[in-house]
Amino acid sequence: MKYVFGPVPSRRLGQSLGIDPIPLKTCNWNCVYCQLGRTLPLTNERKAYIPAECILEEVRQALDANPAGAIDWVTFVGSGEPTLHNGLGWLIRQVKGLTQLPIAVITNGALLYLPEVRAELASSDAVMPSLDAGNPRLYQKINRPWPKLTFDRLVEGLVTFRHEFSGKLWIEMMLIRGMNDTDEVLHEIATILKRIQPDQVHLLLPVRPPAESWVQPSDLSGMQKAQDILGAVACVVIPDSVLVATATAANIDNLETTILGIITRHPMSEEELYAELNRCAPDEIHNALETLLSTQKAQTIERFGKCFWSAAKSFYESEL
């Protein structure tokens, strides 16, 4: 499938069936920590990047193919920003008509200041927007947004959405060492969170290859400080292992295609790839990776002293 993947295990969402309505990398932010690399170019145009009917048909097939109990959540999570697809609201409603499973949307939240975007997400069961900074200067430095997507618009969109939304609002915050894990910044963010009143704040770490080589995850001291200052609403989310639920020797028709599908959405270290594809022979995995590299469909990125595999279409600092 091109647009639907999983179900994959998630510590927050159990077994999650992923829906990707956006081509790599269609986004209105250019976050320094993004595992999918730099956004080149930035875009803020909302349109039908992928025909919604094609996405829905794959969702229908995936739901039919999985037995009852195999999926806990259906999650819209793009190779960029999913709210840039102008059919997202229609897709959410249509999926609601296919299943009783709860629906989550992972978004940067930058467009929540728009009434039409808030309305499209209204029927979701959980929305997970980002808040990585407590002031405009740091917002520009970390998230590097489309020029008209100001910090004030981000915050006001989150506050307004909270007032209107009856589902779960889980804020995501990526903790970057020396940038947003200081006392000053965390107190600023805590003040904003009091206005938003989210149900939870999920503290994440950039452990996959960030777009910029200088980005480092916060340490234990920074994580503890964030929990102390942000309060009981905050919890550290240990990064999920990107398990490939469908990657078994019995159902991998094309190992190269399977690997490319994985690393396009979730760049992985070579060690992780071999572990997750352990039902395939190591020589087969090695040959598939070499083929992807030689045909310029994949690339390797050095981060944190590890070699990560990513789609060749992703742009990282070391490549530019």
# chains A, B, ... in the order shown; residues from 1 in each chain; ligands from 1
>>> select_by_dssp(residues="segment 72-286 of chain A", states="strand (DSSP E or B)", output="PyMOL selection string")
chain A and resi 73-77+80+85+103-106+126-128+130+168-174+176+200-204+217+234-236+268-269
>>> closest_atom_pairs(of="segment 12-68 of chain A", to="segment 296-314 of chain A", cutoff="8 Å", atoms="only C-alpha atoms", output="Markdown table")
| residue | atom | partner | partner_atom | distance |
| --- | --- | --- | --- | --- |
| A:Leu24 | CA | A:Lys313 | CA | 7.6 |
| A:Lys25 | CA | A:Ser314 | CA | 7.4 |
| A:Leu36 | CA | A:Ser314 | CA | 5.9 |
| A:Gly37 | CA | A:Ser314 | CA | 5.3 |
| A:Arg38 | CA | A:Ser314 | CA | 7.0 |
>>> write_last_selection(atoms="C-alpha atoms", output="mmCIF file, in the first residue's frame")
data_model
loop_
_atom_site.group_PDB
_atom_site.id
_atom_site.type_symbol
_atom_site.label_atom_id
_atom_site.label_comp_id
_atom_site.auth_asym_id
_atom_site.auth_seq_id
_atom_site.Cartn_x
_atom_site.Cartn_y
_atom_site.Cartn_z
ATOM 1 C CA LEU A 24 7.358 13.468 1.369
ATOM 2 C CA LYS A 25 8.063 16.192 2.495
ATOM 3 C CA LEU A 36 12.452 13.336 7.593
ATOM 4 C CA GLY A 37 15.039 16.035 6.922
ATOM 5 C CA ARG A 38 14.677 19.616 5.786
#
>>> residues_around(residues="segment 69-71 of chain A", least_positions_apart="5", cutoff="8 Å", atoms="only C-alpha atoms", output="mmCIF file with C-alpha atoms, in the first residue's frame")
data_model
loop_
_atom_site.group_PDB
_atom_site.id
_atom_site.type_symbol
_atom_site.label_atom_id
_atom_site.label_comp_id
_atom_site.auth_asym_id
_atom_site.auth_seq_id
_atom_site.Cartn_x
_atom_site.Cartn_y
_atom_site.Cartn_z
ATOM 1 C CA PRO A 7 -0.618 -1.565 12.271
ATOM 2 C CA GLY A 14 -1.332 0.643 21.084
ATOM 3 C CA GLN A 15 -1.550 -0.961 17.656
ATOM 4 C CA SER A 16 -1.884 1.983 15.299
ATOM 5 C CA LEU A 17 -2.940 1.854 11.652
ATOM 6 C CA LEU A 101 -11.975 2.528 16.180
#
>>> residues_around(residues="Arg12 of chain A", least_positions_apart="4", cutoff="12 Å", atoms="only C-alpha atoms", output="list in words")
Val8, Ser16, Asp72, Trp73, Thr75, Ala104, Ile106, Ala126, Met128, Trp170, Glu172, Gln200, Val201, His202, Leu203, Leu204, Cys235, Val236, Val237, Ile238, Pro239 and Asp240 of chain A
>>> write_last_selection(atoms="N, CA and C atoms", output="compact mmCIF listing (two decimals), in the first residue's frame")
# COMPACT_ATOMS: atom_id res chain seq x y z
N VAL A 8 1.26 -0.66 13.48
CA VAL A 8 2.55 -0.67 14.15
C VAL A 8 2.34 -0.36 15.63
N SER A 16 -1.39 0.84 16.06
CA SER A 16 -1.88 1.98 15.30
C SER A 16 -1.79 1.73 13.80
N ASP A 72 -5.85 -0.74 17.41
CA ASP A 72 -6.41 0.03 18.52
C ASP A 72 -6.80 1.44 18.10
N TRP A 73 -6.01 2.05 17.24
CA TRP A 73 -6.27 3.40 16.77
C TRP A 73 -6.00 3.48 15.27
N THR A 75 -4.58 6.34 12.78
CA THR A 75 -3.83 7.57 13.01
C THR A 75 -3.43 8.24 11.70
N ALA A 104 -6.91 9.32 15.61
CA ALA A 104 -5.98 10.34 16.08
C ALA A 104 -5.39 11.07 14.89
N ILE A 106 -1.93 13.43 14.16
CA ILE A 106 -0.67 14.01 14.62
C ILE A 106 -0.35 15.17 13.68
N ALA A 126 -8.63 12.09 19.12
CA ALA A 126 -7.45 12.68 19.73
C ALA A 126 -6.69 13.47 18.69
N MET A 128 -2.95 15.63 18.30
CA MET A 128 -1.65 15.70 18.94
C MET A 128 -0.79 16.76 18.25
N TRP A 170 -3.56 16.18 23.16
CA TRP A 170 -2.26 15.78 23.69
C TRP A 170 -1.19 16.61 23.00
N GLU A 172 2.50 17.69 21.99
CA GLU A 172 3.82 17.07 21.86
C GLU A 172 4.89 18.15 21.95
N GLN A 200 -2.90 16.11 28.13
CA GLN A 200 -1.57 15.61 28.43
C GLN A 200 -0.55 16.40 27.63
N VAL A 201 0.69 16.38 28.11
CA VAL A 201 1.83 16.90 27.35
C VAL A 201 2.84 15.76 27.23
N HIS A 202 3.15 15.39 26.00
CA HIS A 202 4.07 14.29 25.76
C HIS A 202 5.46 14.85 25.44
N LEU A 203 6.42 14.55 26.28
CA LEU A 203 7.79 15.00 26.11
C LEU A 203 8.55 13.97 25.29
N LEU A 204 9.01 14.38 24.11
CA LEU A 204 9.67 13.49 23.16
C LEU A 204 11.14 13.87 23.02
N CYS A 235 4.48 14.02 30.63
CA CYS A 235 5.11 12.70 30.80
C CYS A 235 6.11 12.48 29.67
N VAL A 236 7.22 11.85 30.00
CA VAL A 236 8.22 11.51 29.00
C VAL A 236 7.76 10.29 28.23
N VAL A 237 7.75 10.40 26.92
CA VAL A 237 7.37 9.28 26.06
C VAL A 237 8.65 8.67 25.49
N ILE A 238 8.97 7.48 25.95
CA ILE A 238 10.15 6.78 25.44
C ILE A 238 9.91 6.47 23.97
N PRO A 239 10.88 6.78 23.09
CA PRO A 239 10.66 6.57 21.66
C PRO A 239 10.31 5.13 21.34
N ASP A 240 9.33 4.99 20.44
CA ASP A 240 8.93 3.66 20.01
C ASP A 240 9.98 3.05 19.11
>>> residues_around(residues="Leu91 of chain A", least_positions_apart="5", cutoff="12 Å", atoms="only C-alpha atoms", output="ChimeraX atom specification")
/A:19-21,48,50-60,74-76,82-83,85-86,96-98,103,105,120-121,123-124
>>> residues_around(residues="Leu149 of chain A", least_positions_apart="2", cutoff="10 Å", atoms="only C-alpha atoms", output="PDB file with C-alpha atoms, in the first residue's frame")
ATOM      1  CA  ASN A  28       4.761  24.370   6.433  1.00  0.00           C
ATOM      2  CA  TRP A  29       7.455  23.937   9.105  1.00  0.00           C
ATOM      3  CA  ASN A  44       1.430  26.335   3.060  1.00  0.00           C
ATOM      4  CA  ALA A 110       0.153  25.565  12.852  1.00  0.00           C
ATOM      5  CA  LEU A 111      -3.156  25.809  10.966  1.00  0.00           C
ATOM      6  CA  TYR A 113      -5.992  29.233  13.883  1.00  0.00           C
ATOM      7  CA  GLN A 140      11.449  30.646  14.640  1.00  0.00           C
ATOM      8  CA  ARG A 144      11.330  27.573  11.121  1.00  0.00           C
ATOM      9  CA  PRO A 145       7.748  28.032   9.905  1.00  0.00           C
ATOM     10  CA  TRP A 146       6.143  29.444   6.767  1.00  0.00           C
ATOM     11  CA  PRO A 147       6.466  33.238   7.245  1.00  0.00           C
ATOM     12  CA  PHE A 151       3.881  32.102  17.133  1.00  0.00           C
ATOM     13  CA  ASP A 152       0.825  34.071  18.210  1.00  0.00           C
ATOM     14  CA  ARG A 153      -1.270  32.296  15.592  1.00  0.00           C
ATOM     15  CA  LEU A 154       0.022  28.928  16.783  1.00  0.00           C
TER      16      LEU A 154
END
>>> closest_residue(among="A:Ser221, A:Asn108, A:Thr160, A:Gln94", to="Met174 of chain A", atoms="only C-alpha atoms")
A:Asn108
>>> select_by_dssp(residues="segment 104-277 of chain A", states="alpha helix (DSSP H)", output="PyMOL selection string")
chain A and resi 115-121+136-143+151-164+183-196+220-230+255-265+270-276
>>> atom_distance(atom1="atom CA of Trp214 of chain A", atom2="atom CA of Met179 of chain A")
11.4 Å
>>> closest_residue(among="A:Asn66, A:Ser79, A:Asn180, A:Gln197", to="Ile263 of chain A", atoms="only C-alpha atoms")
A:Ser79
>>> closest_residue(among="A:Asn278, A:Met173, A:Pro41, A:Ala62", to="Met1 of chain A", atoms="only C-alpha atoms")
A:Ala62
>>> atom_distance(atom1="atom CA of Gln216 of chain A", atom2="atom CA of Leu175 of chain A")
8.8 Å
>>> residues_around(residues="His187 of chain A", least_positions_apart="4", cutoff="8 Å", atoms="only C-alpha atoms", output="NGL selection string")
:A and (183 or 191 or 229-230)
>>> closest_residue(among="A:Leu169, A:Leu138, A:Leu114, A:Val185", to="Glu156 of chain A", atoms="only C-alpha atoms")
A:Leu114
>>> atom_distance(atom1="atom CA of Ala65 of chain A", atom2="atom CA of Arg93 of chain A")
20.6 Å
>>> closest_residue(among="A:Leu112, A:Cys280, A:Ile259, A:Val207", to="Thr150 of chain A", atoms="only C-alpha atoms")
A:Leu112
